[in-house]
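What follows is a short report on a single structure.
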Amino acid sequence: MSLRVVFMGTPDYGVPSLEALIQAGYDVAGVFCQPDKPSGRGKKITFCPVKQCAIAHGIPVFQPVKTRVDGVEPLRQLAPDLCVTAAFGHILSQEVLDIPRLGTVNVHASLLPKYRGSAPVNWALINGETVTGVTTMMTDKGMDTGDILMQRQVAVEPGDNAGTLVDRLARVGAELLIETLRAIENGTCPRRPQIEAEASYYPLLKKEMGVMDLGKSARQLCDFTRGMNPWPGAYAGAYKVLEARAEDWAGTEAPGTILKADAKQGLWIRAGEGALRVLRMQAAGGKPMNACDYLRGHQMEVGALIAPDKTDAE
RNA sequence: CGCGGGGUAGAGCAGUUCGGUAGCUCGUCGGGCUCAUAACCCGGAGGUCGAGGGUUCAAGUCCCUCCCCCGCAA
């Protein structure tokens, strides 16, 4: 007899895990995700990816405002053996954690205890990691502090940004989740506490964190660009940098100076060390395009500082 | 009706205010120059101006309708 499971998640990252549970034959009694919010152009209500997936499989969906308050009763009634979370976005109280008899397993997109927090993939990229991974762990009251069950490493490819990497990690995480649950059922699942001394925590990303510090090295700005895309995006002045490369540059220009800007060579911006060569970019209100394409129709003055970052509110 | 930008040559844009021969940068094709080049010079091809309707002697441009794309916001 298969376990009765309740899945909790919201964005794309959770979908592969949910699908894996269903496909592996678990009895997914219900799905929790965050309340629907108006989003998208036109401010339409859009169902989150996890909810769409649940509906497609005919699984009941619950969307508590605060799971530790109005989610308690529904969860209790579902009487799960086990809960699985994947980027759910709600902090679970002890009361909630106590409901499933086998506990709550979280699928975290980093090699814990490194990169605890809500944006592990972004930060791993920003820090220039070449290897990251996924961890299944027992959720406790802390922020990603519970005991580690299983881990799997995933290589970071040079062409990765947060979007592509999250995607890959989500799929690996789904596999690891099933492997973990099988082991739990057999009573063979490994389990070890996290080593606090090796732990690191990184905060949730905010829109304003996307502003580039052009005083940093080109290498760092490159990693920053990868980590901040597709959201919130890495901004150099008024331009969103989608893809960039670090180039050597000897010169005394101030960071932020436009070094090259034409349809042949593309856009080069002076960094604290080296030059940031912008490959793909997006101007305010415009669509994403190659820097060379952009420069065919727009003038940028070489020698000037990059863009008047139109500042304004947030 | 949340706010806003846009659809013109293969790519990126200007031209629309005030209707009057379709323009720029790049690419492409041909030729030239050069030890050489992503350099430079000369020449050519390539456009139902998102779709439909209307006004007009004349519409990319003015009026109406529709389709599509994108940014903010999340």
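To be explicit about the labels: the chains of the structure tokens are called A, B, and onward in the order shown, and within each one the residues are counted from 1, while ligands get numbers from 1 in the order they are shown.
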
Interface, chain B side, toward chain A (8 Å; only C-alpha atoms (C1' of nucleotides)) as a ChimeraX atom specification: /B:2,5,11-13,25-26,38,70-71,73-74

Spatial neighbours of Cys83 in chain A, max dist 6 Å, only C-alpha atoms (C1' of nucleotides), sep filter under 5 positions, as a list of chain:residue names: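 Those residues are A:Val5, A:Val6, A:Phe7, A:Thr104.
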
Prev. selection, N, CA and C atoms, output as a PDB file, in the first residue's frame:
```pdb
ATOM      1  N   VAL A   5       0.265  11.022   0.577  1.00  0.00           N
ATOM      2  CA  VAL A   5       1.158  12.176   0.583  1.00  0.00           C
ATOM      3  C   VAL A   5       0.409  13.473   0.288  1.00  0.00           C
ATOM      4  N   VAL A   6       0.825  14.542   0.966  1.00  0.00           N
ATOM      5  CA  VAL A   6       0.331  15.869   0.591  1.00  0.00           C
ATOM      6  C   VAL A   6       1.527  16.656   0.075  1.00  0.00           C
ATOM      7  N   PHE A   7       1.362  17.248  -1.098  1.00  0.00           N
ATOM      8  CA  PHE A   7       2.447  18.002  -1.708  1.00  0.00           C
ATOM      9  C   PHE A   7       2.228  19.500  -1.522  1.00  0.00           C
ATOM     10  N   THR A 104       7.881  15.682   7.295  1.00  0.00           N
ATOM     11  CA  THR A 104       7.805  16.460   6.063  1.00  0.00           C
ATOM     12  C   THR A 104       9.168  16.485   5.390  1.00  0.00           C
TER      13      THR A 104
END
```

Spatial neighbours of range 57-62 of chain A, 9 Å, only C-alpha atoms (C1' of nucleotides), chain gap at least 6 places, as a PyMOL selection string: chain A and resi 22+28-35+51+71+74-75

Residues of range 127-227 of chain A in strand (DSSP E), written as a ChimeraX atom specification: /A:131-138,148-155

Atom-to-atom span, CA of Ile195 in chain A and CA of Ala170 in chain A, Å: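 So the two atoms, CA of Ile195 in chain A and CA of Ala170 in chain A, lie 24.3 Å apart.
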
Every residue of range 34-146 of chain A that DSSP places in helix (DSSP H, G or I), as number ranges by chain: A: 49-56, 67-70, 72-78, 94-97, 120-126

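Taking C1' of G7 in chain B and C1' of G54 in chain B as endpoints, the distance between them is 21.6 Å.
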
Nearest candidate to Leu181 in chain A (options A:Leu149, A:Ala250, A:Met300, A:Ala155; using only C-alpha atoms): A:Leu149

Residue neighbourhood range 228-241 of chain A, 9 Å, only C-alpha atoms (C1' of nucleotides), exclusion window fewer than 4 positions, as a ChimeraX atom specification: /A:122-123,125-126,161-163,205-214,221,223-224,256,278-284,288,305-311

Residue nearest Ala271 in chain A among A:Ala199, A:Ala218, A:Ala119, A:Val15 (counting only C-alpha atoms): A:Ala218

Computed interatomic separation between CA of Ser217 in chain A and CA of Val131 in chain A (Å): 21.2 Å

Name the residues in contact with Met137 in chain A at a cut-off of 6 Å, using only C-alpha atoms (C1' of nucleotides), excluding same-chain residues fewer than 3 positions from it; report them as a JSON list (two decimals) with all heavy atoms, in the first residue's frame.
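See part.json below for the written result:
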```
[["chain", "number", "residue", "atom", "x", "y", "z"],
["A", 105, "VAL", "N", 9.19, 16.09, 4.14],
["A", 105, "VAL", "CA", 10.44, 16.07, 3.38],
["A", 105, "VAL", "C", 10.49, 17.27, 2.45],
["A", 105, "VAL", "O", 9.53, 17.53, 1.72],
["A", 105, "VAL", "CB", 10.55, 14.77, 2.54],
["A", 105, "VAL", "CG1", 11.77, 14.83, 1.62],
["A", 105, "VAL", "CG2", 10.63, 13.57, 3.47],
["A", 106, "ASN", "N", 11.59, 18.00, 2.48],
["A", 106, "ASN", "CA", 11.75, 19.16, 1.61],
["A", 106, "ASN", "C", 12.77, 18.84, 0.53],
["A", 106, "ASN", "O", 13.77, 18.16, 0.77],
["A", 106, "ASN", "CB", 12.22, 20.36, 2.45],
["A", 106, "ASN", "CG", 12.36, 21.62, 1.62],
["A", 106, "ASN", "OD1", 11.54, 21.87, 0.73],
["A", 106, "ASN", "ND2", 13.38, 22.40, 1.89],
["A", 147, "ASP", "N", 17.49, 17.69, 9.21],
["A", 147, "ASP", "CA", 18.44, 16.63, 8.89],
["A", 147, "ASP", "C", 18.46, 16.31, 7.39],
["A", 147, "ASP", "O", 17.41, 16.24, 6.74],
["A", 147, "ASP", "CB", 18.07, 15.34, 9.65],
["A", 147, "ASP", "CG", 18.34, 15.50, 11.14],
["A", 147, "ASP", "OD1", 18.93, 16.53, 11.52],
["A", 147, "ASP", "OD2", 17.94, 14.60, 11.90],
["A", 148, "ILE", "N", 19.65, 16.07, 6.91],
["A", 148, "ILE", "CA", 19.84, 15.75, 5.50],
["A", 148, "ILE", "C", 19.55, 14.27, 5.26],
["A", 148, "ILE", "O", 20.00, 13.40, 6.01],
["A", 148, "ILE", "CB", 21.28, 16.06, 5.07],
["A", 148, "ILE", "CG1", 21.52, 17.57, 5.12],
["A", 148, "ILE", "CG2", 21.56, 15.51, 3.68],
["A", 148, "ILE", "CD1", 22.96, 17.98, 4.94],
["A", 149, "LEU", "N", 18.80, 13.98, 4.21],
["A", 149, "LEU", "CA", 18.51, 12.59, 3.87],
["A", 149, "LEU", "C", 19.40, 12.15, 2.72],
["A", 149, "LEU", "O", 20.26, 11.30, 2.87],
["A", 149, "LEU", "CB", 17.03, 12.44, 3.49],
["A", 149, "LEU", "CG", 16.05, 12.87, 4.60],
["A", 149, "LEU", "CD1", 14.62, 12.79, 4.09],
["A", 149, "LEU", "CD2", 16.23, 12.01, 5.85]]
```

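Proximity of A:Gly117, A:Pro64, A:Pro80, A:Pro11 to Pro100 in chain A, computed with only C-alpha atoms, is greatest for A:Pro80.
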